[in-house]
>>> print(open('entry-v1.cif').read())   # mmCIF, C-alpha atoms
data_upload
loop_
_atom_site.label_atom_id
_atom_site.label_comp_id
_atom_site.auth_asym_id
_atom_site.auth_seq_id
_atom_site.Cartn_x
_atom_site.Cartn_y
_atom_site.Cartn_z
CA MET A 1 130.85 131.59 96.06
CA ARG A 2 132.34 134.69 97.62
CA THR A 3 130.48 137.93 98.33
CA PRO A 4 132.07 141.39 98.36
CA ALA A 5 133.20 142.56 101.79
CA ASP A 6 130.80 145.50 101.75
CA LEU A 7 127.67 143.52 100.86
CA PHE A 8 125.27 142.96 103.76
CA LEU A 9 122.07 141.01 104.08
CA GLY A 10 119.43 143.37 105.45
CA THR A 11 117.28 141.45 107.92
CA VAL A 12 114.23 143.65 108.48
CA LYS A 13 112.03 141.03 106.75
CA LEU A 14 113.06 138.43 109.36
CA GLY A 15 111.40 140.47 112.11
CA VAL A 16 108.85 142.51 110.16
CA PRO A 17 107.49 140.25 107.39
CA GLU A 18 105.12 142.91 106.03
CA TYR A 19 108.00 145.35 105.36
CA GLY A 20 108.78 146.28 101.77
CA PHE A 21 107.38 145.26 98.43
CA PHE A 22 106.95 141.50 98.51
CA SER A 23 105.34 140.65 101.82
CA GLN A 24 103.92 137.20 101.28
CA ARG A 25 105.64 134.64 103.49
CA ASP A 26 105.29 130.90 103.37
CA ALA A 27 103.81 129.53 106.60
CA PHE A 28 106.76 127.12 106.77
CA PHE A 29 109.46 129.79 106.42
CA ASP A 30 112.32 129.02 108.81
CA PRO A 31 114.44 132.15 109.42
CA ILE A 32 117.35 130.15 110.89
CA GLN A 33 117.47 127.89 107.84
CA PHE A 34 117.28 131.00 105.65
CA LEU A 35 120.34 132.45 107.43
CA ARG A 36 122.15 129.09 107.15
CA SER A 37 121.44 129.03 103.43
CA ALA A 38 122.69 132.59 103.06
CA ALA A 39 125.88 131.69 104.97
CA ALA A 40 126.37 128.63 102.76
CA LEU A 41 126.28 130.99 99.77
CA GLY A 42 128.99 133.15 101.36
CA VAL A 43 126.83 135.82 102.99
CA THR A 44 128.43 136.45 106.37
CA ARG A 45 127.48 140.07 107.00
CA PHE A 46 124.13 140.94 108.51
CA ASP A 47 122.48 144.30 109.06
CA THR A 48 119.79 144.49 111.75
CA SER A 49 118.17 146.91 114.17
CA PRO A 50 116.01 146.90 117.31
CA ARG A 51 113.46 148.54 114.99
CA TYR A 52 113.27 145.29 112.96
CA GLY A 53 110.94 143.33 115.25
CA ASN A 54 112.65 140.19 116.53
CA SER A 55 115.37 140.21 113.86
CA GLU A 56 118.17 140.60 116.42
CA SER A 57 116.89 137.59 118.38
CA VAL A 58 116.67 135.50 115.20
CA ILE A 59 120.24 136.38 114.28
CA GLY A 60 121.29 135.64 117.88
CA GLU A 61 119.75 132.17 117.65
CA PHE A 62 121.55 131.63 114.33
CA ILE A 63 124.84 132.74 115.90
CA GLN A 64 124.40 130.31 118.81
CA LYS A 65 123.91 127.45 116.33
CA SER A 66 126.79 128.48 114.05
CA THR A 67 130.40 127.40 114.08
CA SER A 68 131.65 130.79 112.91
CA ARG A 69 130.78 134.32 113.95
CA PRO A 70 129.21 136.50 111.28
CA PHE A 71 129.92 140.21 110.88
CA VAL A 72 126.98 142.03 112.50
CA ALA A 73 125.85 145.63 112.22
CA SER A 74 122.97 146.96 114.30
CA LYS A 75 121.63 150.37 115.18
CA ILE A 76 120.72 152.84 117.90
CA ASP A 77 117.44 154.70 117.64
CA ASN A 78 115.17 157.14 119.49
CA LEU A 79 117.85 159.60 120.59
CA SER A 80 117.16 163.23 121.49
CA ALA A 81 119.47 166.11 120.67
CA LYS A 82 121.10 168.03 123.53
CA ASP A 83 120.31 165.33 126.12
CA PRO A 84 123.13 164.71 128.64
CA ALA A 85 121.68 161.21 129.26
CA THR A 86 122.36 160.20 125.65
CA PRO A 87 125.64 158.30 126.26
CA ARG A 88 123.92 156.14 128.92
CA ILE A 89 120.90 155.58 126.67
CA MET A 90 123.20 154.56 123.82
CA GLU A 91 125.10 152.12 126.03
CA GLU A 92 121.86 150.55 127.27
CA SER A 93 120.59 150.19 123.70
CA VAL A 94 123.77 148.49 122.50
CA ASN A 95 123.90 146.19 125.53
CA HIS A 96 120.29 145.17 124.88
CA SER A 97 121.12 144.40 121.24
CA LEU A 98 124.25 142.46 122.22
CA SER A 99 122.22 140.36 124.64
CA LYS A 100 119.72 139.44 121.91
CA LEU A 101 122.49 138.77 119.39
CA HIS A 102 124.59 136.71 121.84
CA LEU A 103 127.63 138.85 121.02
CA SER A 104 130.16 140.79 123.09
CA SER A 105 130.51 143.59 120.51
CA LEU A 106 128.98 144.93 117.32
CA ASP A 107 131.16 145.18 114.25
CA ILE A 108 129.32 148.36 113.28
CA CYS A 109 126.85 150.40 115.28
CA TYR A 110 124.85 152.82 113.18
CA LEU A 111 122.78 155.76 114.29
CA HIS A 112 119.38 154.90 112.84
CA GLN A 113 118.29 158.54 112.89
CA ASN A 114 119.41 160.60 109.96
CA ASP A 115 118.57 163.94 111.56
CA ILE A 116 121.52 166.35 111.34
CA ASP A 117 120.74 167.48 114.90
CA ILE A 118 121.36 163.91 116.10
CA ILE A 119 124.42 163.00 114.05
CA SER A 120 126.12 166.29 115.00
CA ASP A 121 125.11 166.26 118.69
CA ARG A 122 128.00 166.38 121.17
CA TYR A 123 126.31 163.92 123.53
CA VAL A 124 125.81 161.46 120.68
CA HIS A 125 129.51 161.85 119.86
CA GLN A 126 130.38 161.21 123.52
CA GLY A 127 128.20 158.09 123.42
CA LEU A 128 129.94 156.75 120.33
CA LYS A 129 133.35 157.32 121.89
CA LEU A 130 132.22 155.62 125.11
CA LEU A 131 130.91 152.58 123.21
CA LYS A 132 134.24 152.23 121.40
CA GLU A 133 136.27 152.71 124.60
CA LYS A 134 134.24 149.98 126.33
CA GLY A 135 134.73 147.66 123.36
CA LEU A 136 130.98 147.36 122.76
CA ILE A 137 131.33 148.53 119.15
CA ARG A 138 134.23 148.31 116.71
CA ARG A 139 133.06 150.98 114.27
CA ALA A 140 130.59 153.86 114.45
CA GLY A 141 128.31 154.54 111.54
CA ALA A 142 125.41 156.66 110.43
CA SER A 143 122.52 155.63 108.24
CA LEU A 144 121.90 158.70 106.08
CA TYR A 145 119.48 159.96 103.47
CA ASN A 146 120.65 163.29 102.08
CA LYS A 147 123.67 165.24 100.89
CA GLU A 148 123.90 167.50 103.98
CA GLU A 149 123.98 164.51 106.34
CA CYS A 150 126.55 162.68 104.21
CA ALA A 151 128.79 165.74 103.98
CA TYR A 152 128.66 166.25 107.75
CA ALA A 153 129.32 162.58 108.53
CA ALA A 154 132.23 162.41 106.09
CA ASP A 155 133.85 165.61 107.36
CA SER A 156 133.21 165.20 111.11
CA GLY A 157 135.76 162.47 111.77
CA MET A 158 133.20 160.76 114.06
CA PHE A 159 131.99 158.06 111.71
CA ASP A 160 133.91 155.10 110.35
CA VAL A 161 131.06 153.97 108.08
CA ILE A 162 128.22 155.67 106.22
CA GLN A 163 125.22 153.57 105.23
CA LEU A 164 123.14 154.75 102.29
CA PRO A 165 119.69 153.30 101.54
CA VAL A 166 120.18 152.23 97.96
CA SER A 167 117.45 150.19 96.33
CA VAL A 168 116.74 149.18 92.78
CA PHE A 169 113.32 150.77 93.37
CA ASP A 170 114.66 154.09 94.71
CA LEU A 171 117.78 155.56 93.13
CA GLY A 172 117.24 159.10 94.46
CA LEU A 173 120.64 159.27 96.15
CA TYR A 174 122.35 158.95 92.76
CA ASN A 175 121.17 162.47 91.95
CA PHE A 176 123.51 164.23 94.43
#
>>> encode(input="entry-v1.cif", output="structure tokens")
Amino acid sequence: MRTPADLFLGTVKLGVPEYGFFSQRDAFFDPIQFLRSAAALGVTRFDTSPRYGNSESVIGEFIQKSTSRPFVASKIDNLSAKDPATPRIMEESVNHSLSKLHLSSLDICYLHQNDIDIISDRYVHQGLKLLKEKGLIRRAGASLYNKEECAYAADSGMFDVIQLPVSVFDLGLYNF
């Protein structure tokens, strides 16, 4: 079975079991076996974040036990606009994620803040460029929630990927 190239398995539930609608978890749930089963079904793209509890560490353990490297997207969070220290903070965040994931680079690194002041900030842009130059990320992305943010991200030339939170329970973004 083959999955589309743009379909990712969101992994927040691996690190934050109470997240979302269905929060009951079997006491014998094995997250590594879950990821192995997903991979056996053709799911090889994972979306995670430092915000997702120990999800990055779980994926890192899965990667160490795997024979092939999955495509991994993670995120940077807790940035402040107009802060000259932002590029350093971003590099530290990505390096911390890479350490947990047992990877040398992220396939996509998203900004996990959808604030227009963050995604348009010159220091954030410098940080994204630095991360690419150092080979710590392959693509820069933004996780966005409204039309203004999407328009900026699409027109800015800074972002390779835009992530939209689409859910069968919340189709609000279809009303643009």
>>> residues_around(input="entry-v1.cif", residues="stretch 138-152 of chain A", least_positions_apart="4", cutoff="6 Å", atoms="only C-alpha atoms", output="mmCIF file with C-alpha atoms, in the coordinates of the input")
data_model
loop_
_atom_site.group_PDB
_atom_site.id
_atom_site.type_symbol
_atom_site.label_atom_id
_atom_site.label_comp_id
_atom_site.auth_asym_id
_atom_site.auth_seq_id
_atom_site.Cartn_x
_atom_site.Cartn_y
_atom_site.Cartn_z
ATOM 1 C CA ASP A 107 131.160 145.180 114.250
ATOM 2 C CA ILE A 108 129.320 148.360 113.280
ATOM 3 C CA CYS A 109 126.850 150.400 115.280
ATOM 4 C CA TYR A 110 124.850 152.820 113.180
ATOM 5 C CA LEU A 111 122.780 155.760 114.290
ATOM 6 C CA HIS A 112 119.380 154.900 112.840
ATOM 7 C CA ASN A 114 119.410 160.600 109.960
ATOM 8 C CA ILE A 116 121.520 166.350 111.340
ATOM 9 C CA SER A 156 133.210 165.200 111.110
ATOM 10 C CA PHE A 159 131.990 158.060 111.710
ATOM 11 C CA ASP A 160 133.910 155.100 110.350
ATOM 12 C CA VAL A 161 131.060 153.970 108.080
ATOM 13 C CA ILE A 162 128.220 155.670 106.220
ATOM 14 C CA GLN A 163 125.220 153.570 105.230
ATOM 15 C CA LEU A 164 123.140 154.750 102.290
#
>>> residues_around(input="entry-v1.cif", residues="stretch 79-87 of chain A", least_positions_apart="3", cutoff="9 Å", atoms="only C-alpha atoms", output="compact mmCIF listing (two decimals) with C-alpha atoms, in the frame of the given file")
# COMPACT_ATOMS: atom_id res chain seq x y z
CA ILE A 76 120.72 152.84 117.90
CA MET A 90 123.20 154.56 123.82
CA GLU A 91 125.10 152.12 126.03
CA GLU A 92 121.86 150.55 127.27
CA LEU A 111 122.78 155.76 114.29
CA GLN A 113 118.29 158.54 112.89
CA ASP A 117 120.74 167.48 114.90
CA ILE A 118 121.36 163.91 116.10
CA ILE A 119 124.42 163.00 114.05
CA SER A 120 126.12 166.29 115.00
CA ASP A 121 125.11 166.26 118.69
CA ARG A 122 128.00 166.38 121.17
CA TYR A 123 126.31 163.92 123.53
CA VAL A 124 125.81 161.46 120.68
CA HIS A 125 129.51 161.85 119.86
CA GLN A 126 130.38 161.21 123.52
CA GLY A 127 128.20 158.09 123.42
CA LEU A 128 129.94 156.75 120.33
CA LYS A 129 133.35 157.32 121.89
CA LEU A 130 132.22 155.62 125.11
CA LEU A 131 130.91 152.58 123.21
>>> resolve_selection(input="entry-v1.cif", expression="the PyMOL selection byres ((chain A and resi 64) around 12)", output="PyMOL selection string")
chain A and resi 32+36+57-63+65-70+99-103
>>> closest_residue(input="entry-v1.cif", among="A:Met158, A:Leu136, A:Leu14, A:Leu7", to="A:Ser55", atoms="only C-alpha atoms")
A:Leu14
>>> atom_distance(input="entry-v1.cif", atom1="atom CA of A:Asp77", atom2="atom CA of A:Ser93")
8.2 Å
>>> atom_distance(input="entry-v1.cif", atom1="atom CA of A:Ser104", atom2="atom CA of A:Ala154")
27.6 Å
>>> atom_distance(input="entry-v1.cif", atom1="atom CA of A:Glu133", atom2="atom CA of A:Asn54")
27.9 Å
>>> closest_residue(input="entry-v1.cif", among="A:Asp30, A:Thr44, A:Ser37, A:Ser49", to="A:Val12", atoms="all atoms listed in the file")
A:Ser49
>>> resolve_selection(input="entry-v1.cif", expression="the PyMOL selection byres ((chain A and resi 10) around 8)", output="short mmCIF file (atom, residue, chain, number, x, y, z; two decimals) with C-alpha atoms, keeping the file's coordinate frame")
data_model
loop_
_atom_site.label_atom_id
_atom_site.label_comp_id
_atom_site.auth_asym_id
_atom_site.auth_seq_id
_atom_site.Cartn_x
_atom_site.Cartn_y
_atom_site.Cartn_z
CA PHE A 8 125.27 142.96 103.76
CA LEU A 9 122.07 141.01 104.08
CA THR A 11 117.28 141.45 107.92
CA VAL A 12 114.23 143.65 108.48
CA LYS A 13 112.03 141.03 106.75
CA PHE A 46 124.13 140.94 108.51
CA ASP A 47 122.48 144.30 109.06
CA THR A 48 119.79 144.49 111.75
#
>>> build_atoms(input="entry-v1.cif", residues="stretch 146-160 of chain A", atoms="N, CA, C and O atoms", output="compact mmCIF listing (two decimals), in the coordinates of the input")
# COMPACT_ATOMS: atom_id res chain seq x y z
N ASN A 146 120.51 162.13 102.96
CA ASN A 146 120.65 163.29 102.08
C ASN A 146 122.08 163.82 102.06
O ASN A 146 122.93 163.41 102.85
N LYS A 147 122.32 164.72 101.14
CA LYS A 147 123.67 165.24 100.89
C LYS A 147 124.24 165.96 102.11
O LYS A 147 125.41 165.79 102.44
N GLU A 148 123.43 166.76 102.80
CA GLU A 148 123.90 167.50 103.98
C GLU A 148 124.39 166.53 105.06
O GLU A 148 125.46 166.72 105.64
N GLU A 149 123.60 165.49 105.33
CA GLU A 149 123.98 164.51 106.34
C GLU A 149 125.26 163.78 105.94
O GLU A 149 126.17 163.60 106.77
N CYS A 150 125.36 163.39 104.69
CA CYS A 150 126.55 162.68 104.21
C CYS A 150 127.79 163.56 104.30
O CYS A 150 128.85 163.10 104.73
N ALA A 151 127.66 164.81 103.91
CA ALA A 151 128.79 165.74 103.98
C ALA A 151 129.25 165.91 105.43
O ALA A 151 130.45 165.87 105.72
N TYR A 152 128.30 166.10 106.35
CA TYR A 152 128.66 166.25 107.75
C TYR A 152 129.37 164.99 108.26
O TYR A 152 130.43 165.07 108.88
N ALA A 153 128.76 163.83 108.02
CA ALA A 153 129.32 162.58 108.53
C ALA A 153 130.73 162.34 107.98
O ALA A 153 131.62 161.91 108.71
N ALA A 154 130.93 162.62 106.70
CA ALA A 154 132.23 162.41 106.09
C ALA A 154 133.29 163.37 106.63
O ALA A 154 134.45 162.98 106.81
N ASP A 155 132.89 164.59 106.92
CA ASP A 155 133.85 165.61 107.36
C ASP A 155 134.07 165.65 108.87
O ASP A 155 135.06 166.22 109.34
N SER A 156 133.17 165.06 109.65
CA SER A 156 133.21 165.20 111.11
C SER A 156 134.33 164.40 111.77
O SER A 156 134.77 164.76 112.86
N GLY A 157 134.77 163.32 111.14
CA GLY A 157 135.76 162.47 111.77
C GLY A 157 135.17 161.54 112.83
O GLY A 157 135.90 160.78 113.46
N MET A 158 133.87 161.58 113.05
CA MET A 158 133.20 160.76 114.06
C MET A 158 132.83 159.38 113.54
O MET A 158 132.72 158.44 114.31
N PHE A 159 132.58 159.27 112.25
CA PHE A 159 131.99 158.06 111.71
C PHE A 159 132.98 157.28 110.86
O PHE A 159 133.65 157.84 109.99
N ASP A 160 133.04 155.99 111.12
CA ASP A 160 133.91 155.10 110.35
C ASP A 160 133.20 154.60 109.09
O ASP A 160 133.85 154.22 108.12
